[in-house]
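**Q** A single structure is presented below for examination.
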Amino acid sequence: MGRCERTRNRVQSPPLFSGSGLPPCPRVSATRSHKSHSEVAAVILAAGKGTRMKSPKPKVLFEICGRSLLGHAIDSVRGVHARSIAIVVGHGREEVRREFEGERDLSFVTQDPPRGTGDAVRVAMPSVPSSAELVLVTYGDMPCLAPTTLNRLIEAKPRGGVALLTVTREKAHGFGRILRDPDGGFAGIREEKDCSSEERAIREVNVGVYAFDREVLVRVLPRITANNAQREYYLTDAVLEIAKHAGLVRLVPLEDENEALGVNSLSELAMARSVWQERILERHLANGVHVVDPETARIDVDVEIGVGTVIQPFTVIRKGCKIGSNCEVGPFAHLRGESVLEDGAKVGNYVEVKKSTLGKGVKAMHLAYLGDTTVGEGSNIGAGTITANYDGKAKWPTLIGARAFIGSGTVLVAPSTVGADAIVGAGAIVTRKKIPAGDVWVGVPARPLQPKGPVARAAASGSASAKPKRKATKTSRVTRGGSRAASRRSR
Amino acid sequence: MGRCERTRNRVQSPPLFSGSGLPPCPRVSATRSHKSHSEVAAVILAAGKGTRMKSPKPKVLFEICGRSLLGHAIDSVRGVHARSIAIVVGHGREEVRREFEGERDLSFVTQDPPRGTGDAVRVAMPSVPSSAELVLVTYGDMPCLAPTTLNRLIEAKPRGGVALLTVTREKAHGFGRILRDPDGGFAGIREEKDCSSEERAIREVNVGVYAFDREVLVRVLPRITANNAQREYYLTDAVLEIAKHAGLVRLVPLEDENEALGVNSLSELAMARSVWQERILERHLANGVHVVDPETARIDVDVEIGVGTVIQPFTVIRKGCKIGSNCEVGPFAHLRGESVLEDGAKVGNYVEVKKSTLGKGVKAMHLAYLGDTTVGEGSNIGAGTITANYDGKAKWPTLIGARAFIGSGTVLVAPSTVGADAIVGAGAIVTRKKIPAGDVWVGVPARPLQPKGPVARAAASGSASAKPKRKATKTSRVTRGGSRAASRRSR
Amino acid sequence: MGRCERTRNRVQSPPLFSGSGLPPCPRVSATRSHKSHSEVAAVILAAGKGTRMKSPKPKVLFEICGRSLLGHAIDSVRGVHARSIAIVVGHGREEVRREFEGERDLSFVTQDPPRGTGDAVRVAMPSVPSSAELVLVTYGDMPCLAPTTLNRLIEAKPRGGVALLTVTREKAHGFGRILRDPDGGFAGIREEKDCSSEERAIREVNVGVYAFDREVLVRVLPRITANNAQREYYLTDAVLEIAKHAGLVRLVPLEDENEALGVNSLSELAMARSVWQERILERHLANGVHVVDPETARIDVDVEIGVGTVIQPFTVIRKGCKIGSNCEVGPFAHLRGESVLEDGAKVGNYVEVKKSTLGKGVKAMHLAYLGDTTVGEGSNIGAGTITANYDGKAKWPTLIGARAFIGSGTVLVAPSTVGADAIVGAGAIVTRKKIPAGDVWVGVPARPLQPKGPVARAAASGSASAKPKRKATKTSRVTRGGSRAASRRSR
């Protein structure tokens with residue numbers, strides 16, 4: 001209920017530009033909507049220690065839905081086509097850099113010691129190209145900010161001024177309150193400790209995300225001082241400095257307060273995860289993926305799922321998996337390691353698939369582990385089948401041909417190959433063997449069944465996992481196709 | 001949390017008949033409450049294409065909790081004992097008809113092309129018996145409407161007029177607003193596009209569900225025109241026509257807005273599923289079924305569960321299953337195919353049961369698949385047991401007698417029979433055999449253990465799955481009962 | 001979403017002592033905060049039948065998160081260091097007593113027949129030491145009351161008077177309304193049936209939890225009469241009696257309405273469970289346990305989890321389990337029977353662990369059942385491994401030494417021992433054997449592999465379950481370490 005319910009009941013969006021310091025200048029408005037984002041330079045503040053995470057791992061490397069917090073923040077600014085992205089790192093900076101090695105559009109700058117957000121942006125300015133018209137400031141621990149919101153902020157940025165994101169929170173405690181003048185325009189930001197009791201009741205607060213006019217920012221940054229208890233430089237002061245010198249400050253209220261979610265603890269990490277999970281699921285539902293029970297589907301980012309596929313309850317699908325059309329996954333299934341399910345494949349109860357490819361119509365319905373395995377079209381993986389895919393030196397593949405039948409309770413020790421149309425009997429232990437196409441193998445360890453032939457084949461069958469598409473006729477039963485069909489069991 | 005929380009916090013119900021065009025006539029009121037429902041004819045509109053579902057399947061055949069949307073709608077009108085049920089189909093009509101073949105109380109009428117709700121009802125009128133006093137109009141994609149609500153609507157229907165359902169929505173956008181006169185009576189329905197800004201703020205909207213006086217409906221239907229942009233006939237116009245000619249229009253506000261949920265997308269399908277899931281779970285809880293964690297129990301409609309049974313977290317129970325008293329299911333269990341669990345049976349972790357019957361006190365606690373299997377009273381199914389139930393020509397049963405013991409890691413290839421009091425050793429592969437009562441079989445493939453006798457029996461045991469009710473004494477250990485008990489392992 | 005969302009959005013707490021009969025006496029206030037709780041006597045009312053639970057089991061013995069309702073109530077009063085705890089039992093009193101046998105701080109008194117809360121407290125008074133200054137009255141079916149709340153109540157108790165807990169409910173129906181005087185002080189409690197329509201609109205209600213001045217309580221209890229329809233003695237009358245004779249009555253509003261949740265049905269049991277689940281999870285998250293998806297983690301009370309451990313979705317961890325640091329549990333895992341996971345151990349997909357200890361770095365990643373098993377440091381438990389731990393006479397342990405390798409699809413029939421560094425081949429059935437350290441055993445039933453030696457070892461390997469920490473070199477492959485490594489498969 002939670003998830004969808006919340007979407008349904010979400011309060012109406014506030015008007016897009018509900019407050020701005022001055023009546024909009026028609027000409028500026030006109031150009032704003034055509035603003036090219038190639039003029040945008042992004043600065044992502046990611047130097048925080050994240051003490052409340054209680055982990056040596058840098059906070060921004062914690063993942064939600066298969067992507068790190070910083071990865072989400074980077075994706076958001078990529079979403080507005082920022083020409084440059086400067087990431088201010090501090091705590092654990094080597095580990096953070098390493099995580100994004102080879103991503104050419106990113107530059108990392110170090111802030112050490114941490115001396116506030118104003119200082120962080122100052123440190124980043126040398127990485128901001130002077131051709132940029134606008135500097136967008138976001139955070140590495142604010143993973144839910146949508147590109148559409150950043151676009152609104154960028155387009156709201158007045159010439160020679162700054163636009164800042166605000167959010168109306170039920171609990172404003174601890175946040176800087178937004179003061180508005182009688183016309184709704186910007187009148188100031190008041191820190192909690194300086195608030196009158198009236199001001200403390202204000203629930204619109206500063207998110208801390210800004211679109212600055214670059215030239216103005218360059219001018220005001222040196223004027224920020226650390227004359228405060230923490231001896232830190234606050235970026236808020238840059239905004240106030242702009243306002244003081246008659247520069248324009250525009251307020252852009254968030255439509256969805258979840259976007260402003262900052263992650264400072266594992267509890268907040270879980271909240272942000274939940275926000276992303278809902279987004280991911282809503283996208284798949286809109287694409288025609290039948291997620292039966294979104295409350296118990298856990299699907300990472302970067303998962304492709306084809307139209308008509310059914311995702312049953314209690315299913316986990318990890319980042320990078322690709323699932324075709326008209327597949328069925330779950331209940332109680334786990335797909336990971338960028339596995340691929342081709343059209344019509346089915347992975348069912350208590351089945352884990354890791355770094356494997358299942359061809360069209362393959363069925364693995366019960367109690368199985370498939371790792372580093374390629375399964376050809378139309379094969380059936382019996383209940384309880386396990387592939388053992390590592391010998392300690394290297395990972396070895398398991399190859400199963402098309403229309404093969406793997407009996408229930410079978411272990412395939414890799415590297416093993418099961419040829420097309422081959423049958424492995426129930427309970428067979430296949431240890432690094434190549435089973436020829438069409439063969440029937442049984443036993444512990446598995447050996448070819450003697451004598452070969454249709455009768456033997458029929459005897460070996462009877463333990464696989466899926467319902468045949470058509471009923472086998474008496475005639476066909478003793479043929480290859482028939483005996484294979486004979487091996488399958490119904491769903 | 002979600003589920004129960006929501007129930008608990010649900011807002012107070014509005015008064016039953018909060019608004020009606022005229023002060024109630026005492027005599028009519030009196031008869032209303034005794035109105036016989038045999039006078040009710042239902043018309044269910046189910047011709048929509050459901051484009052947003054992104055599926056070739058007709059929308060109304062999508063299922064929630066094991067029953068199709070249309071099935072739910074039919075059940076609702078059956079719940080008010082409608083004398084006739086006409087279903088207006090269009091898109092995918094053959095597929096829809098087929099789904100309900102043999103259900104004698106239903107008549108299907110085709111609307112083609114789709115020309116609006118007014119046209120759909122007009123098409124259905126020949127199927128409405130002239131003896132009906134009242135025509136109830138509902139929708140095939142509105143699965144959450146409760147019979148009690150329909151009853152309220154029916155009883156609110158004024159003589160010579162119409163009663164219509166309204167709902168107060170947080171987001172009324174897109175719905176026809178209900179206009180009320182100063183006394184709270186019906187004053188009109190205003191389509192969004194025709195609304196003044198004041199009217200647009202109205203949050204009470206038309207659900208589109210009506211109880212019409214049949215004779216009045218017959219009179220007004222021909223007067224509806226398609227003089228609108230879409231060139232469609234709107235049923236709303238029938239209501240306005242009645243109002244215009246001084247007929248009575250009564251408004252019946254919904255108590256629970258979820259009932260008005262219409263399914264137009266897979267996301268809305270999931271929402272409706274969630275509403276139904278909550279209802280189903282609340283019913284079982286009220287009946288004395290200990291659903292430990294309703295948030296992670298997924299139980300379909302038409303499941304019987306006896307008092308005292310415990311449903312553990314992460315459990316899926318499909319339509320038609322019958323579970324006795326004092327059973328335990330889950331965690332991580334899946335029951336389907338109309339399986340039966342007799343009193344005291346237990347199905348535990350990672351166990352799937354399909355189209356099987358488990359006798360009294362049977363235990364299948366870990367990592368098992370039971371399909372097309374009958375298990376006699378008191379038997380133990382060891383961890384990792386798999387039944388293979390299909391040979392491609394037909395499904396074959398697995399029969400396990402009373403008090404049998406199936407060792408861990410066993411595969412039973414069907415058709416196989418395990419006699420009463422028999423023991424199958426751990427890891428045995430039983431391929432289409434009949435194990436006599438009391439026998440002990442072991443190995444791959446499984447064979448009778450030699451020499452027979454209590455000592456051998458004891459040797460074979462040790463791999464089953466459940467804790468014996470009583471501790472076996474030293475003496476009893478070498479007896480049949482003892483060795484069987486010896487095979488079981490604790491929970 | 002639900003869980004964390006709710007926490008986040010929870011309304012601001014009301015001021016601590018928002019209402020009291022009189023302006024606070026400064027001297028009393030000063031001493032109140034230093035009040036010694038050794039003066040507190042607790043009385044827990046637990047005699048109710050719980051008819052709506054539909055169970056022969058006494059209601060207060062139903063569990064949430066591994067602890068009975070009464071156990072939760074007892075824990076709450078222990079949390080305020082009550083000097084004595086008297087539990088008033090009635091229905092099923094023998095069963096209730098038995099459950100808490102040996103807990104020396106508890107005394108049980110019988111109320112039979114049930115004649116109201118006032119009568120219950122009267123029955124309990126002989127068990128209240130006369131040295132107690134204060135009598136705290138709570139309920140056996142109110143499991144969510146926090147010690148901090150009871151502390152607030154105790155500290156609010158005025159000299160010679162009573163403090164009572166109130167809660168503001170969206171639906172006050174059925175509860176006694178709190179009447180306040182114009183200054184916000186106590187003015188009465190009005191039962192629903194006696195309410196004027198104005199009073200019925202009051203949403204602040206009496207929780208029924210009191211901190212009485214013992215001497216005053218002793219004086220007023222005899223004055224309560226059963227002059228009412230039910231012929232019961234109501235404790236509310238004691239409060240009114242105190243107020244009537246100019247005693248002080250202070251009101252202590254609850255900050256979180258969930259604390260007042262009383263359990264009268266299985267549905268309410270599930271709600272209370274959900275409240276507790278949220279608390280437990282929030283505590284672990286705050287401690288640095290990375291519960292990835294709190295919505296699908298089910299963790300009982302009294303579970304220890306070390307910092308840095310990751311709890312994946314769809315995980316059940318039962319009472320008494322101890323999990324070290326940097327472990328990983330789930331998805332789809334079930335730990336129970338007070339199992340222990342030492343630092344760095346991993347229990348993965350479809351793995352159930354019961355009453356077992358897994359040493360440092362042990363990995364059991366797929367489809368396994370481990371019961372009554374001790375696994376030494378660094379061992380790998382292959383996919384599909386099952387331990388059979390009971391022979392019917394006694395439970396037998398399975399012992400697996402350090403750095404052992406258990407192949408996929410293996411069954412270990414207890415009592416069995418696998419020596420350190422030993423290898424059990426894929427699919428082996430080990431029936432009550434002692435495998436010497438360093439040995440390699442394979443087959444059904446399992447026997448030592450001949451000839452012994454590195455080559456044979458390599459042949460047997462290839463079916464375990466976890467990724468080696470380092471890649472084995474070609475040289476090491478034929479050594480013991482190498483062949484063991486060779487047996488592992490990647491994650």
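So you can find residues: chains in the structure tokens are A, B, ... in the order shown, residues in each start at 1, and ligands are numbered from 1 in order.
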DSSP on the backbone, strand (DSSP E or B) only: what residues of range 218-466 of chain A does that give? Format it as a PyMOL selection string.

**A** chain A and resi 249-253+290-291+297-299+304-305+310-311+315-317+322-323+328-329+333-336+340-341+346-354+357-358+363-371+373-375+380-381+386-388+390+395+398-400+405-406+411-413+416-418+423-424+429-431+434-435+440-442+447-448

**Q** Taking only C-alpha atoms into account, what are the residues of chain C at most 8 Å from chain B, put as JSON, numbers by chain?

**A** {"C": [2, 3, 52, 53, 54, 55, 170, 171, 265, 266, 267, 268, 270, 271, 273, 274, 275, 296, 314, 332, 350, 352, 354, 367, 368, 369, 384, 386, 387, 388, 389, 390, 391, 392, 393, 394, 395, 409, 411, 413, 414, 429, 431, 444, 445]}

**Q** List every residue of range 199-339 of chain B that DSSP, applied to the backbone, labels as alpha helix (DSSP H), and write the result as a PyMOL selection string.

**A** chain B and resi 199-200+214-220+236-244+266-286

**Q** Mind giving me the straight-line distance from CA of Asn258 in chain B to CA of Ala272 in chain B in Å, one decimal?

**A**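 Between CA of Asn258 in chain B and CA of Ala272 in chain B the gap works out to 7.8 Å.
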
**Q** When you look at Val362 in chain A with a cut-off of 9 Å (counting only C-alpha atoms), what residues show up, excluding the ones that are within fewer than 6 positions of it in the same chain? I need them as number ranges by chain.

**A** A: 341-347, 375-381, 402-403

**Q** Can you write out the residues you just picked, keeping C-alpha atoms, as a compact mmCIF listing (two decimals), in the first residue's frame?

**A**
```txt
# COMPACT_ATOMS: atom_id res chain seq x y z
CA LEU A 341 16.69 -13.44 -19.28
CA GLU A 342 15.60 -13.65 -22.88
CA ASP A 343 11.96 -13.37 -23.92
CA GLY A 344 9.63 -15.75 -22.19
CA ALA A 345 12.17 -17.10 -19.71
CA LYS A 346 10.87 -17.96 -16.25
CA VAL A 347 12.72 -17.90 -12.95
CA VAL A 375 21.36 -21.86 -20.97
CA GLY A 376 20.11 -22.32 -24.51
CA GLU A 377 16.61 -21.67 -25.73
CA GLY A 378 13.83 -23.83 -24.39
CA SER A 379 15.84 -25.77 -21.82
CA ASN A 380 14.41 -26.84 -18.51
CA ILE A 381 16.34 -26.55 -15.29
CA ALA A 402 19.12 -25.62 -26.31
CA ARG A 403 16.20 -27.83 -25.38
```

**Q** Got a sec: who's within 8 Å of Asn151 in chain C, counting only C-alpha atoms, leaving out chain neighbours fewer than 4 positions off, as a list in words?

**A** Val80, Pro147 and Glu155 of chain C

**Q** Just the residues within 7 Å of range 125-139 of chain C, please, counting only C-alpha atoms, with nothing from its chain fewer than 5 positions along; format it as number ranges by chain.

**A** C: 39-46, 73, 84, 86, 209-214

**Q** Please identify all polymer residues within 7 Å of range 252-254 of chain B, counting only C-alpha atoms, omitting same-chain residues fewer than 5 positions from it, and present them as a compact mmCIF listing (two decimals) with N, CA and C atoms, in the first residue's frame.

**A**
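Saved the output as out_9.txt:
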```txt
# COMPACT_ATOMS: atom_id res chain seq x y z
N PHE B 17 -26.55 9.12 4.50
CA PHE B 17 -27.27 9.82 3.42
C PHE B 17 -27.12 11.31 3.63
N LEU B 153 -26.39 2.30 -2.06
CA LEU B 153 -26.80 3.04 -3.26
C LEU B 153 -28.21 2.62 -3.68
N ALA B 163 -29.81 7.32 -7.86
CA ALA B 163 -28.84 7.59 -6.80
C ALA B 163 -27.46 7.41 -7.40
N LEU B 164 -26.57 8.30 -7.04
CA LEU B 164 -25.22 8.15 -7.58
C LEU B 164 -24.18 8.26 -6.49
N LEU B 165 -23.11 7.54 -6.71
CA LEU B 165 -22.03 7.47 -5.74
C LEU B 165 -21.08 8.64 -5.94
N THR B 166 -20.68 9.27 -4.83
CA THR B 166 -19.67 10.33 -4.93
C THR B 166 -18.50 9.98 -4.01
N VAL B 167 -17.38 10.60 -4.32
CA VAL B 167 -16.21 10.38 -3.46
C VAL B 167 -15.46 11.70 -3.32
```

**Q** May I ask for the distance between CA of Arg122 in chain C and CA of Leu221 in chain C, given in Å to one decimal place?

**A**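 Between CA of Arg122 in chain C and CA of Leu221 in chain C the gap works out to 6.7 Å.
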